[in-house]
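Source file: work.txt (compact mmCIF, C-alpha atoms)
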```
# COMPACT_ATOMS: atom_id res chain seq x y z
CA MET A 1 -29.23 113.28 -38.42
CA THR A 2 -28.55 114.92 -35.06
CA SER A 3 -26.60 113.27 -32.26
CA ALA A 4 -29.78 113.26 -30.14
CA ALA A 5 -31.58 111.28 -32.84
CA LEU A 6 -28.72 108.78 -32.95
CA GLN A 7 -28.64 108.41 -29.19
CA ALA A 8 -32.38 107.71 -28.88
CA PRO A 9 -32.24 104.17 -30.39
CA LEU A 10 -29.21 103.39 -28.24
CA ARG A 11 -31.08 104.46 -25.10
CA GLU A 12 -34.09 102.37 -26.14
CA ARG A 13 -31.86 99.37 -26.71
CA ALA A 14 -30.14 99.80 -23.34
CA THR A 15 -33.51 100.15 -21.60
CA GLY A 16 -34.84 97.05 -23.38
CA SER A 17 -31.75 95.07 -22.45
CA ARG A 18 -31.97 96.15 -18.81
CA ARG A 19 -35.68 95.25 -18.68
CA TYR A 20 -34.96 91.85 -20.25
CA ARG A 21 -32.31 91.10 -17.61
CA GLN A 22 -34.62 92.18 -14.79
CA ILE A 23 -37.49 89.98 -15.98
CA LEU A 24 -35.12 87.09 -16.61
CA TRP A 25 -33.85 87.32 -13.05
CA LEU A 26 -37.37 87.60 -11.61
CA LEU A 27 -38.53 84.48 -13.46
CA THR A 28 -35.36 82.58 -12.56
CA SER A 29 -35.54 83.46 -8.87
CA ARG A 30 -39.23 82.48 -8.88
CA ASP A 31 -38.34 79.07 -10.33
CA LEU A 32 -35.67 78.52 -7.71
CA ARG A 33 -37.93 79.60 -4.83
CA VAL A 34 -40.77 77.33 -5.97
CA ARG A 35 -38.40 74.40 -6.47
CA TYR A 36 -36.78 74.68 -3.05
CA SER A 37 -39.71 75.95 -0.95
CA THR A 38 -41.76 72.80 -1.56
CA SER A 39 -38.93 70.47 -0.53
CA ALA A 40 -37.64 69.75 2.96
CA LEU A 41 -34.09 69.20 1.71
CA GLY A 42 -34.20 72.14 -0.68
CA TYR A 43 -30.77 72.88 -2.14
CA LEU A 44 -29.49 69.40 -1.30
CA TRP A 45 -31.69 67.85 -3.98
CA SER A 46 -29.75 69.73 -6.66
CA ILE A 47 -26.60 67.83 -5.72
CA LEU A 48 -27.93 64.51 -4.43
CA ASP A 49 -28.73 63.13 -7.89
CA PRO A 50 -25.24 63.69 -9.37
CA LEU A 51 -23.64 62.58 -6.10
CA VAL A 52 -25.53 59.28 -6.15
CA MET A 53 -24.66 58.74 -9.82
CA ALA A 54 -21.02 59.59 -9.20
CA GLY A 55 -20.95 57.25 -6.20
CA ILE A 56 -22.32 54.38 -8.29
CA TYR A 57 -19.79 54.87 -11.09
CA TRP A 58 -16.96 55.35 -8.58
CA PHE A 59 -17.88 52.06 -6.87
CA VAL A 60 -18.23 50.13 -10.14
CA PHE A 61 -15.01 51.39 -11.70
CA THR A 62 -12.82 51.40 -8.60
CA GLN A 63 -14.15 48.58 -6.42
CA VAL A 64 -15.76 46.10 -8.83
CA PHE A 65 -13.84 46.40 -12.10
CA GLN A 66 -10.26 47.27 -12.85
CA ARG A 67 -10.45 50.78 -14.24
CA ASP A 68 -8.04 51.99 -16.92
CA VAL A 69 -9.78 55.27 -17.80
CA GLY A 70 -9.85 58.68 -16.17
CA GLU A 71 -7.60 60.27 -13.56
CA GLU A 72 -7.07 60.04 -9.83
CA PRO A 73 -8.89 60.92 -7.64
CA TYR A 74 -11.58 59.39 -9.83
CA ILE A 75 -14.49 60.89 -7.87
CA VAL A 76 -13.21 64.41 -8.66
CA PHE A 77 -12.67 63.39 -12.29
CA LEU A 78 -16.28 62.17 -12.45
CA LEU A 79 -17.91 65.13 -10.74
CA SER A 80 -16.03 67.72 -12.80
CA ALA A 81 -17.94 66.48 -15.87
CA LEU A 82 -21.06 65.00 -14.28
CA LEU A 83 -22.17 68.23 -12.62
CA PRO A 84 -21.91 70.29 -15.84
CA TRP A 85 -23.77 67.47 -17.59
CA MET A 86 -26.63 67.81 -15.09
CA TRP A 87 -26.88 71.50 -16.00
CA PHE A 88 -27.05 70.73 -19.73
CA ASN A 89 -29.36 67.73 -19.35
CA GLY A 90 -31.75 69.50 -16.97
CA ALA A 91 -32.06 72.67 -19.04
CA VAL A 92 -32.56 70.86 -22.36
CA SER A 93 -35.06 68.41 -20.84
CA ASP A 94 -37.08 71.25 -19.31
CA SER A 95 -36.94 73.18 -22.59
CA THR A 96 -39.20 70.55 -24.14
CA ARG A 97 -42.00 71.95 -21.93
CA ALA A 98 -40.88 75.59 -21.87
CA PHE A 99 -43.94 76.89 -23.77
CA LEU A 100 -46.46 74.18 -23.04
CA ARG A 101 -46.14 74.33 -19.25
CA GLU A 102 -47.00 78.05 -19.03
CA ALA A 103 -48.87 78.60 -22.27
CA LYS A 104 -51.19 81.32 -20.88
CA LEU A 105 -48.29 83.45 -19.66
CA VAL A 106 -46.36 82.97 -22.89
CA ARG A 107 -49.36 84.12 -24.94
CA SER A 108 -50.44 87.01 -22.73
CA THR A 109 -47.13 88.70 -21.94
CA LYS A 110 -45.24 90.98 -24.31
CA ILE A 111 -41.76 90.12 -23.08
CA PRO A 112 -39.37 88.47 -25.58
CA ARG A 113 -40.30 84.78 -25.68
CA THR A 114 -36.66 83.65 -25.66
CA ILE A 115 -36.77 84.44 -21.96
CA TRP A 116 -38.81 81.28 -21.31
CA VAL A 117 -35.85 79.20 -22.47
CA ASN A 118 -33.10 81.39 -21.04
CA ARG A 119 -34.63 81.29 -17.55
CA LEU A 120 -34.20 77.50 -17.58
CA VAL A 121 -30.57 77.84 -18.66
CA LEU A 122 -29.92 80.39 -15.92
CA SER A 123 -31.71 78.51 -13.12
CA LYS A 124 -29.92 75.24 -13.91
CA GLY A 125 -26.67 77.18 -14.20
CA ILE A 126 -27.17 78.65 -10.73
CA GLU A 127 -27.80 75.17 -9.36
CA PHE A 128 -24.53 74.09 -10.97
CA LEU A 129 -22.70 76.97 -9.28
CA PHE A 130 -24.23 75.90 -5.96
CA SER A 131 -22.73 72.44 -6.48
CA ILE A 132 -19.13 73.64 -6.99
CA PRO A 133 -18.38 73.46 -3.20
CA VAL A 134 -19.12 69.73 -3.45
CA ILE A 135 -16.31 69.27 -6.00
CA ALA A 136 -14.06 71.40 -3.80
CA ALA A 137 -14.78 69.21 -0.77
CA PHE A 138 -14.01 65.98 -2.64
CA ALA A 139 -10.88 67.57 -4.10
CA ILE A 140 -9.62 68.45 -0.60
CA PHE A 141 -10.34 65.00 0.83
CA GLY A 142 -9.07 63.24 -2.30
CA GLY A 143 -5.84 65.19 -2.52
CA ALA A 144 -6.56 66.87 -5.86
CA THR A 145 -4.92 70.24 -6.36
CA LEU A 146 -5.99 73.18 -8.49
CA THR A 147 -4.00 73.99 -11.61
CA GLY A 148 -3.49 77.38 -13.19
CA TRP A 149 -6.11 76.45 -15.79
CA VAL A 150 -8.84 77.07 -13.20
CA ALA A 151 -8.76 80.60 -14.65
CA LEU A 152 -10.57 79.14 -17.68
CA LEU A 153 -13.66 78.33 -15.58
CA PRO A 154 -15.51 81.53 -16.64
CA LEU A 155 -14.88 80.60 -20.28
CA ALA A 156 -16.38 77.15 -19.66
CA LEU A 157 -19.45 78.71 -18.01
CA VAL A 158 -20.02 81.11 -20.90
CA LEU A 159 -19.57 78.41 -23.54
CA GLN A 160 -21.95 76.07 -21.73
CA ALA A 161 -24.57 78.80 -21.39
CA VAL A 162 -24.28 79.54 -25.14
CA LEU A 163 -24.50 75.85 -26.07
CA THR A 164 -27.42 75.09 -23.74
CA ALA A 165 -29.38 78.14 -24.82
CA GLY A 166 -28.83 77.27 -28.49
CA VAL A 167 -30.10 73.72 -28.08
CA GLY A 168 -33.01 74.89 -25.92
CA LEU A 169 -34.09 77.48 -28.49
CA ILE A 170 -34.18 74.75 -31.15
CA VAL A 171 -36.01 72.19 -29.04
CA ALA A 172 -38.60 74.41 -27.29
CA PRO A 173 -40.57 75.60 -30.35
CA LEU A 174 -40.26 72.36 -32.32
CA VAL A 175 -41.79 70.29 -29.50
CA VAL A 176 -44.94 72.43 -29.76
CA PHE A 177 -45.49 71.09 -33.30
CA PHE A 178 -44.05 67.58 -32.85
CA ARG A 179 -45.01 66.33 -29.37
CA ASP A 180 -43.14 63.04 -29.85
CA LEU A 181 -39.95 65.09 -30.00
CA GLU A 182 -40.09 65.40 -26.21
CA ARG A 183 -39.47 61.67 -25.80
CA ALA A 184 -36.93 61.68 -28.63
CA VAL A 185 -34.96 64.40 -26.83
CA LYS A 186 -34.88 62.34 -23.63
CA LEU A 187 -33.63 59.28 -25.53
CA THR A 188 -31.01 61.40 -27.30
CA LEU A 189 -29.80 62.82 -24.00
CA ARG A 190 -29.48 59.31 -22.58
CA PHE A 191 -27.37 58.29 -25.57
CA LEU A 192 -25.34 61.51 -25.36
CA PHE A 193 -24.45 60.79 -21.73
CA TYR A 194 -22.50 57.68 -22.73
CA ALA A 195 -21.24 59.23 -25.98
CA SER A 196 -19.68 62.11 -24.02
CA PRO A 197 -16.44 61.85 -21.98
CA ILE A 198 -18.06 61.82 -18.53
CA ILE A 199 -17.12 58.47 -17.01
CA TYR A 200 -14.01 58.38 -19.20
CA SER A 201 -11.65 60.91 -20.76
CA ALA A 202 -11.56 61.96 -24.40
CA ARG A 203 -7.88 60.92 -24.25
CA ASP A 204 -8.99 57.34 -23.55
CA LEU A 205 -10.74 57.05 -26.91
CA PRO A 206 -9.08 55.42 -29.94
CA GLU A 207 -7.71 57.88 -32.45
CA GLY A 208 -10.60 57.51 -34.88
CA LEU A 209 -13.25 57.98 -32.20
CA HIS A 210 -11.32 60.87 -30.69
CA PHE A 211 -11.66 62.74 -33.99
CA TRP A 212 -15.44 62.31 -34.08
CA ALA A 213 -15.78 63.04 -30.37
CA ALA A 214 -14.30 66.46 -31.08
CA PHE A 215 -17.56 67.42 -32.82
CA ASN A 216 -19.49 66.77 -29.63
CA PRO A 217 -19.33 70.25 -28.03
CA LEU A 218 -19.58 68.72 -24.57
CA SER A 219 -16.14 67.13 -25.05
CA GLY A 220 -14.47 70.53 -25.18
CA LEU A 221 -16.52 71.82 -22.27
CA PHE A 222 -15.58 68.90 -20.04
CA SER A 223 -11.96 69.37 -21.09
CA LEU A 224 -12.10 72.94 -19.77
CA TYR A 225 -13.76 71.97 -16.49
CA ARG A 226 -11.39 69.10 -15.81
CA ALA A 227 -8.32 71.19 -16.59
CA SER A 228 -8.95 72.93 -13.24
CA PHE A 229 -7.70 69.75 -11.52
CA PHE A 230 -6.11 67.66 -14.29
CA GLU A 231 -3.82 69.69 -16.53
CA ALA A 232 -3.41 66.88 -19.07
CA GLU A 233 -7.16 66.95 -19.77
CA LEU A 234 -6.99 70.32 -21.50
CA ASP A 235 -7.29 69.78 -25.26
CA TRP A 236 -7.38 73.01 -27.25
CA LEU A 237 -8.65 71.25 -30.37
CA LEU A 238 -11.70 70.04 -28.45
CA VAL A 239 -12.18 73.47 -26.88
CA GLY A 240 -11.94 75.28 -30.22
CA ILE A 241 -14.44 72.98 -31.94
CA SER A 242 -16.74 73.16 -28.91
CA ALA A 243 -16.71 76.97 -29.04
CA ALA A 244 -17.44 76.98 -32.79
CA VAL A 245 -20.27 74.42 -32.54
CA SER A 246 -21.79 76.20 -29.52
CA VAL A 247 -21.91 79.55 -31.33
CA LEU A 248 -23.29 77.85 -34.44
CA LEU A 249 -26.05 76.13 -32.45
CA LEU A 250 -26.97 79.42 -30.79
CA ALA A 251 -27.26 81.09 -34.21
CA VAL A 252 -29.38 78.20 -35.50
CA GLY A 253 -31.51 78.29 -32.34
CA LEU A 254 -32.19 82.03 -32.69
CA ALA A 255 -33.08 81.57 -36.39
CA VAL A 256 -35.42 78.63 -35.68
CA PHE A 257 -37.04 80.53 -32.84
CA ALA A 258 -37.57 83.67 -34.94
CA ARG A 259 -39.16 81.69 -37.79
CA THR A 260 -41.49 79.68 -35.56
CA GLU A 261 -42.47 82.18 -32.84
CA ARG A 262 -45.78 83.30 -34.39
CA ALA A 263 -46.80 79.75 -35.24
CA VAL A 264 -45.95 78.63 -31.69
CA LEU A 265 -48.21 81.31 -30.20
CA LYS A 266 -51.09 80.11 -32.39
CA GLU A 267 -50.46 76.44 -31.57
CA ILE A 268 -50.33 76.78 -27.78
```
Represent the structure contained in this file as structure tokens.
Amino acid sequence: MTSAALQAPLRERATGSRRYRQILWLLTSRDLRVRYSTSALGYLWSILDPLVMAGIYWFVFTQVFQRDVGEEPYIVFLLSALLPWMWFNGAVSDSTRAFLREAKLVRSTKIPRTIWVNRLVLSKGIEFLFSIPVIAAFAIFGGATLTGWVALLPLALVLQAVLTAGVGLIVAPLVVFFRDLERAVKLTLRFLFYASPIIYSARDLPEGLHFWAAFNPLSGLFSLYRASFFEAELDWLLVGISAAVSVLLLAVGLAVFARTERAVLKEI
């Protein structure tokens, strides 16, 4: 086989990858424009919800009850997990309607159908990046200082994108066949909010619960995010298990998606 013959598939792959990225960005930017153009407050809505939630928990646990969990300043501790949670929660929730909401486009276009899930992951991820200045502002006013572990932030972003895409690729096709799964996902996410170290730290859990919490991939992710301000929050066991579970879920998501894609197109 000649070198030209070997290079041809590589060029086709590179072209396909570049086209995928271009379409992904076009769909993502369209989602963001539509979301913000129809709202007077625009970008502010992407941070108001977590800010209100954080304010409620801050008030309850600092002004009403004696708090013995988390770190000071508590508002920074809260936001450093609550904002990533909003990314995960929003993308997974929207994935339940990823194919049903735009069924005609999904059926008629020839682009890889994984893009309809990945655009949700990317758009929610961009909203999360837009909210980082909010954490920075509270950190400045609250007296929190950055640690050297802030260098791990790109790792946290990549792991969260892998985890969220994996879960989305599992949920999106299955909801087409089992419509009640949409409500089940919302209930599961509500449970997962309290089962994840958001308003508390994984270090606050009893030893037995700490072991099981390690298998929640969000525990390791929040450990990475919080390490930017709270060095003691970094737990490499949690991070390692989170990375392994995230990659596993992505592999499962791709397998589920590949096996159900044709049936999904017929069903919608």
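One finds CA of Ala156 in chain A at 9.1 Å from CA of Ser223 in chain A.
Put simply, CA of Gly143 in chain A is 21.2 Å away from CA of Met53 in chain A.
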>> Just want the 12 Å neighbourhood of Pro84 in chain A, counted on only C-alpha atoms, with same-chain residues fewer than 6 positions away dropped. Output as a PyMOL selection string.
In response: chain A and resi 47+50+78+90-91+121+124-132+135+153+156-157+159-161+163-164+193+196-198+218-226
> With only C-alpha atoms as the basis for distance, which of A:Ile241, A:Leu248, A:Ala172, A:Leu187 is at the shortest distance from Ala213 in chain A?
Replying inline: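 Distance minimum relative to Ala213 in chain A lands on A:Ile241.
Residue neighbourhood of Leu265 in chain A, excluding near-sequence residues (fewer than 6 positions): Phe99, Leu100, Glu102, Ala103, Lys104, Leu105, Val106, Arg107, Ser108, Thr109, Lys110, Arg113, Pro173, Val176, Phe177, Phe257, Ala258 and Arg259 of chain A, at 12 Å, using all atoms listed in the file.
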> How far is it from CA of Tyr200 in chain A to CA of Phe61 in chain A, in Å with one decimal?
Replying inline: 10.3 Å
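Comparing the minimum interatomic distances between Thr260 in chain A and each of A:Trp236, A:Leu174, A:Glu207, A:Arg183, counting all atoms listed in the file, we find that A:Leu174 sits nearest.
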Please enclose the listed atoms of range 59-63 of chain A in an axis-aligned box, pad each side by 5 Å, and write out the centre and the three edge lengths in Å, rounded to one decimal, as AutoDock Vina command-line options.
```
--center_x -15.5 --center_y 50.3 --center_z -9.1 --size_x 15.4 --size_y 13.5 --size_z 15.3
```
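Restricting the calculation to all atoms listed in the file, the smallest distance between Ser228 in chain A and any of A:Tyr57, A:Trp25, A:Trp149, A:Phe215 is found for A:Trp149.
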>> Considering only C-alpha atoms, can you say which of A:Leu79, A:Val34, A:Asp180, A:Glu71 comes closest to Val52 in chain A?
In response: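 Comparing A:Leu79, A:Val34, A:Asp180, A:Glu71 against Val52 in chain A, the winner is A:Leu79.
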>> So, with only C-alpha atoms as the atoms that count, which of A:Val76, A:Phe229, A:Arg262, A:Asp94 lies closest to Ala151 in chain A?
In response: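 Of A:Val76, A:Phe229, A:Arg262, A:Asp94, the one nearest Ala151 in chain A, counting only C-alpha atoms, is A:Phe229.
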> Could you pull the residues within 8 Å of Ser201 in chain A, counting all atoms listed in the file, minus those fewer than 5 positions along the same chain, as a list in words?
Replying inline: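 Contacts, with the query itself left out: Val69, Gly70 and Glu233 of chain A.
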> Do you know which residues are at most 12 Å from Val162 in chain A counting all atoms listed in the file, after dropping those on the same chain fewer than 4 positions away, and could you put them as a PyMOL selection string?
Replying inline: chain A and resi 88+117-118+121-122+125+155-158+166-169+217-218+221+242-254
May I have the residues from that selection written out with C-alpha atoms, as a CSV table (one decimal), in the frame of the given file?
```csv
chain,number,residue,atom,x,y,z
A,88,PHE,CA,-27.0,70.7,-19.7
A,117,VAL,CA,-35.8,79.2,-22.5
A,118,ASN,CA,-33.1,81.4,-21.0
A,121,VAL,CA,-30.6,77.8,-18.7
A,122,LEU,CA,-29.9,80.4,-15.9
A,125,GLY,CA,-26.7,77.2,-14.2
A,155,LEU,CA,-14.9,80.6,-20.3
A,156,ALA,CA,-16.4,77.2,-19.7
A,157,LEU,CA,-19.4,78.7,-18.0
A,158,VAL,CA,-20.0,81.1,-20.9
A,166,GLY,CA,-28.8,77.3,-28.5
A,167,VAL,CA,-30.1,73.7,-28.1
A,168,GLY,CA,-33.0,74.9,-25.9
A,169,LEU,CA,-34.1,77.5,-28.5
A,217,PRO,CA,-19.3,70.2,-28.0
A,218,LEU,CA,-19.6,68.7,-24.6
A,221,LEU,CA,-16.5,71.8,-22.3
A,242,SER,CA,-16.7,73.2,-28.9
A,243,ALA,CA,-16.7,77.0,-29.0
A,244,ALA,CA,-17.4,77.0,-32.8
A,245,VAL,CA,-20.3,74.4,-32.5
A,246,SER,CA,-21.8,76.2,-29.5
A,247,VAL,CA,-21.9,79.6,-31.3
A,248,LEU,CA,-23.3,77.8,-34.4
A,249,LEU,CA,-26.0,76.1,-32.4
A,250,LEU,CA,-27.0,79.4,-30.8
A,251,ALA,CA,-27.3,81.1,-34.2
A,252,VAL,CA,-29.4,78.2,-35.5
A,253,GLY,CA,-31.5,78.3,-32.3
A,254,LEU,CA,-32.2,82.0,-32.7
```
>> What's around Tyr20 in chain A at 9 Å? Count all atoms listed in the file, leave out sequence neighbours fewer than 5 positions away in its own chain, and write the answer as a ChimeraX atom specification.
In response: /A:15,25,111-112,115
> When distances are computed from all atoms listed in the file, which of A:Ile75, A:Leu234, A:Glu182, A:Val150 shows the smallest separation from Phe138 in chain A?
Replying inline: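 Among the listed residues, A:Ile75 lies closest to Phe138 in chain A.
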As a short mmCIF file (atom, residue, chain, number, x, y, z; two decimals), in the frame of the given file, please: range 209-242 of chain A completed to N, CA and C atoms.
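What follows is the written file result-v6.cif:
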```cif
data_model
loop_
_atom_site.label_atom_id
_atom_site.label_comp_id
_atom_site.auth_asym_id
_atom_site.auth_seq_id
_atom_site.Cartn_x
_atom_site.Cartn_y
_atom_site.Cartn_z
N LEU A 209 -12.12 57.49 -32.99
CA LEU A 209 -13.25 57.98 -32.20
C LEU A 209 -12.95 59.34 -31.59
N HIS A 210 -11.69 59.58 -31.26
CA HIS A 210 -11.32 60.87 -30.69
C HIS A 210 -11.63 61.99 -31.68
N PHE A 211 -11.39 61.74 -32.97
CA PHE A 211 -11.66 62.74 -33.99
C PHE A 211 -13.15 63.09 -34.02
N TRP A 212 -14.00 62.05 -34.02
CA TRP A 212 -15.44 62.31 -34.08
C TRP A 212 -15.96 62.88 -32.77
N ALA A 213 -15.35 62.50 -31.66
CA ALA A 213 -15.78 63.04 -30.37
C ALA A 213 -15.54 64.54 -30.28
N ALA A 214 -14.59 65.03 -31.08
CA ALA A 214 -14.30 66.46 -31.08
C ALA A 214 -15.50 67.29 -31.51
N PHE A 215 -16.40 66.69 -32.33
CA PHE A 215 -17.56 67.42 -32.82
C PHE A 215 -18.73 67.38 -31.84
N ASN A 216 -18.54 66.69 -30.73
CA ASN A 216 -19.49 66.77 -29.63
C ASN A 216 -19.05 67.96 -28.76
N PRO A 217 -19.79 69.06 -28.75
CA PRO A 217 -19.33 70.25 -28.03
C PRO A 217 -19.13 70.03 -26.54
N LEU A 218 -19.77 69.00 -25.98
CA LEU A 218 -19.58 68.72 -24.57
C LEU A 218 -18.17 68.23 -24.27
N SER A 219 -17.51 67.62 -25.25
CA SER A 219 -16.14 67.13 -25.05
C SER A 219 -15.20 68.28 -24.70
N GLY A 220 -15.30 69.37 -25.46
CA GLY A 220 -14.47 70.53 -25.18
C GLY A 220 -14.81 71.19 -23.86
N LEU A 221 -16.11 71.24 -23.54
CA LEU A 221 -16.52 71.82 -22.27
C LEU A 221 -15.96 71.04 -21.08
N PHE A 222 -16.08 69.71 -21.13
CA PHE A 222 -15.58 68.90 -20.04
C PHE A 222 -14.05 68.99 -19.94
N SER A 223 -13.41 69.17 -21.09
CA SER A 223 -11.96 69.37 -21.09
C SER A 223 -11.59 70.62 -20.30
N LEU A 224 -12.36 71.69 -20.49
CA LEU A 224 -12.10 72.94 -19.77
C LEU A 224 -12.34 72.78 -18.27
N TYR A 225 -13.46 72.16 -17.91
CA TYR A 225 -13.76 71.97 -16.49
C TYR A 225 -12.70 71.11 -15.81
N ARG A 226 -12.33 70.02 -16.44
CA ARG A 226 -11.39 69.10 -15.81
C ARG A 226 -9.98 69.65 -15.72
N ALA A 227 -9.66 70.60 -16.62
CA ALA A 227 -8.32 71.19 -16.59
C ALA A 227 -8.06 71.92 -15.27
N SER A 228 -9.12 72.27 -14.54
CA SER A 228 -8.95 72.93 -13.24
C SER A 228 -8.22 72.03 -12.25
N PHE A 229 -8.36 70.70 -12.41
CA PHE A 229 -7.70 69.75 -11.52
C PHE A 229 -6.71 68.84 -12.24
N PHE A 230 -6.93 68.61 -13.53
CA PHE A 230 -6.11 67.66 -14.29
C PHE A 230 -5.59 68.37 -15.54
N GLU A 231 -4.38 68.86 -15.46
CA GLU A 231 -3.82 69.69 -16.53
C GLU A 231 -3.79 68.97 -17.87
N ALA A 232 -3.53 67.65 -17.84
CA ALA A 232 -3.41 66.88 -19.07
C ALA A 232 -4.74 66.77 -19.81
N GLU A 233 -5.84 67.06 -19.14
CA GLU A 233 -7.16 66.95 -19.77
C GLU A 233 -7.46 68.09 -20.73
N LEU A 234 -6.71 69.17 -20.64
CA LEU A 234 -6.99 70.32 -21.50
C LEU A 234 -6.57 70.02 -22.94
N ASP A 235 -7.52 70.05 -23.85
CA ASP A 235 -7.29 69.78 -25.26
C ASP A 235 -7.84 70.96 -26.06
N TRP A 236 -6.95 71.78 -26.59
CA TRP A 236 -7.38 73.01 -27.25
C TRP A 236 -8.15 72.73 -28.55
N LEU A 237 -7.87 71.61 -29.18
CA LEU A 237 -8.65 71.25 -30.37
C LEU A 237 -10.11 71.04 -29.98
N LEU A 238 -10.34 70.28 -28.92
CA LEU A 238 -11.70 70.04 -28.45
C LEU A 238 -12.37 71.34 -28.04
N VAL A 239 -11.62 72.20 -27.35
CA VAL A 239 -12.18 73.47 -26.88
C VAL A 239 -12.56 74.36 -28.06
N GLY A 240 -11.68 74.44 -29.06
CA GLY A 240 -11.94 75.28 -30.22
C GLY A 240 -13.17 74.82 -30.99
N ILE A 241 -13.27 73.51 -31.22
CA ILE A 241 -14.44 72.98 -31.94
C ILE A 241 -15.70 73.16 -31.11
N SER A 242 -15.59 72.96 -29.79
CA SER A 242 -16.74 73.16 -28.91
C SER A 242 -17.24 74.59 -28.98
#
```
